[in-house]
Amino acid sequence: MTTVGFRFTKMSAERKNVSEQNIRIENNVGIIKVEEADVADPKKSLIRFDFNFSCKYEPELGSIELEGELVEMYDKQLSSSITAGWQKDKKVHPEIMTRILNNILAKANIEAIILSREVGLPSPIAMPKVEVKLRENGATSEAKAEIKETKAEVKTENKTEVKTEHKVESKAKKK
């Protein structure tokens with residue numbers, strides 16, 4: 001398993017409204033299509049995973065949409081198994097899917113942060129925030145940040161997607 005290519009084929013960011021309300025950001029990544037291609041080595045094969053990544057800002061504040069492709073090299077036998085599983089029921093072995101989605105998320109999240117800044121939307125990834133409180137005895141302070149993330153895998157008729165929602169809670173303590 002080696003990544004041999006990654007590129008975005010579509011980027012879109014839109015800010016619709018200004019909101020003073022609490023903003024909820026929902027991130028989605030999904031595999032849309034899986035295709036196999038032969039290479040010069042008869043024991044190897046390439047698989048192209050077409051994906052869609054989206055961030056929706058609620059209530060109707062804006063959105064970010066990214067589409068692209070990730071190309072990986074596999075042994076011919078594993079490659080055939082992956083494409084056969086996709087054609088049958090739009091599923092890929094969880095171990096391989098984890099690797100693919102993490103690879104996509106690593107690049108798409110960074111691009112989404114840049115696009116959100118350009119159109120004036122909050123970051124689609126919750127950044128830790130620190131709140132510092134002083135203790136009564138005036139000792140040193142300690143800052144602690146905790147990030148909570150919920151994930152749900154959803155299988156639709158034509159693609160597999162993973163939804164994530166980020167919430168950040170930060171606390172600072174004084175020692």
# chains A, B, ... in the order shown; residues from 1 in each chain; ligands from 1
>>> residues_around(residues="Lys16 in chain A", least_positions_apart="6", cutoff="7 Å", atoms="only C-alpha atoms", output="short mmCIF file (atom, residue, chain, number, x, y, z; two decimals) with C-alpha atoms, in the first residue's frame")
data_model
loop_
_atom_site.label_atom_id
_atom_site.label_comp_id
_atom_site.auth_asym_id
_atom_site.auth_seq_id
_atom_site.Cartn_x
_atom_site.Cartn_y
_atom_site.Cartn_z
CA GLU A 60 -27.22 28.35 6.83
CA LEU A 61 -24.00 30.32 7.29
CA GLY A 62 -22.01 28.76 4.46
#
>>> residues_around(residues="Glu35 in chain A", least_positions_apart="2", cutoff="8 Å", atoms="only C-alpha atoms", output="VMD selection string")
chain A and resid 33 37 47 to 49 83
>>> residues_around(residues="Gln77 in chain A", least_positions_apart="2", cutoff="12 Å", atoms="only C-alpha atoms", output="list in words")
Glu36, Asp38, Pro42, Lys43, Lys44, Ser45, Leu46, Met73, Tyr74, Asp75, Ser79, Ser80, Ser81, Ile82, Thr83 and Ala84 of chain A
>>> select_by_dssp(residues="range 11-146 of chain A", states="helix (DSSP H, G or I)", output="PyMOL selection string")
chain A and resi 76-89+94-119
>>> write_last_selection(atoms="C-alpha atoms", output="mmCIF file, in the first residue's frame")
data_model
loop_
_atom_site.group_PDB
_atom_site.id
_atom_site.type_symbol
_atom_site.label_atom_id
_atom_site.label_comp_id
_atom_site.auth_asym_id
_atom_site.auth_seq_id
_atom_site.Cartn_x
_atom_site.Cartn_y
_atom_site.Cartn_z
ATOM 1 C CA LYS A 76 -2.787 -7.232 -7.868
ATOM 2 C CA GLN A 77 -4.737 -9.726 -5.729
ATOM 3 C CA LEU A 78 -5.611 -7.186 -3.014
ATOM 4 C CA SER A 79 -6.476 -4.609 -5.646
ATOM 5 C CA SER A 80 -8.931 -6.985 -7.333
ATOM 6 C CA SER A 81 -10.494 -7.763 -3.951
ATOM 7 C CA ILE A 82 -10.939 -4.061 -3.160
ATOM 8 C CA THR A 83 -12.608 -3.231 -6.471
ATOM 9 C CA ALA A 84 -14.809 -6.347 -6.363
ATOM 10 C CA GLY A 85 -16.029 -5.419 -2.863
ATOM 11 C CA TRP A 86 -16.788 -1.879 -4.029
ATOM 12 C CA GLN A 87 -18.704 -3.041 -7.102
ATOM 13 C CA LYS A 88 -20.703 -5.530 -5.055
ATOM 14 C CA ASP A 89 -21.890 -3.408 -2.116
ATOM 15 C CA PRO A 94 -12.285 -1.316 7.219
ATOM 16 C CA GLU A 95 -8.487 -1.386 7.604
ATOM 17 C CA ILE A 96 -7.977 -0.070 4.075
ATOM 18 C CA MET A 97 -10.862 2.406 4.359
ATOM 19 C CA THR A 98 -9.372 3.817 7.576
ATOM 20 C CA ARG A 99 -6.062 4.449 5.821
ATOM 21 C CA ILE A 100 -7.741 6.010 2.785
ATOM 22 C CA LEU A 101 -10.043 8.305 4.771
ATOM 23 C CA ASN A 102 -7.259 9.432 7.129
ATOM 24 C CA ASN A 103 -5.076 10.254 4.133
ATOM 25 C CA ILE A 104 -7.881 12.271 2.530
ATOM 26 C CA LEU A 105 -8.776 14.034 5.783
ATOM 27 C CA ALA A 106 -5.155 15.042 6.420
ATOM 28 C CA LYS A 107 -5.083 17.006 3.165
ATOM 29 C CA ALA A 108 -8.716 18.112 2.899
ATOM 30 C CA ASN A 109 -8.885 19.555 6.421
ATOM 31 C CA ILE A 110 -5.874 21.779 5.748
ATOM 32 C CA GLU A 111 -7.352 23.009 2.472
ATOM 33 C CA ALA A 112 -10.724 23.613 4.174
ATOM 34 C CA ILE A 113 -9.048 25.743 6.873
ATOM 35 C CA ILE A 114 -7.394 27.879 4.180
ATOM 36 C CA LEU A 115 -10.648 28.269 2.213
ATOM 37 C CA SER A 116 -12.628 29.116 5.370
ATOM 38 C CA ARG A 117 -10.181 31.916 6.146
ATOM 39 C CA GLU A 118 -10.456 33.294 2.602
ATOM 40 C CA VAL A 119 -14.260 33.607 2.725
#
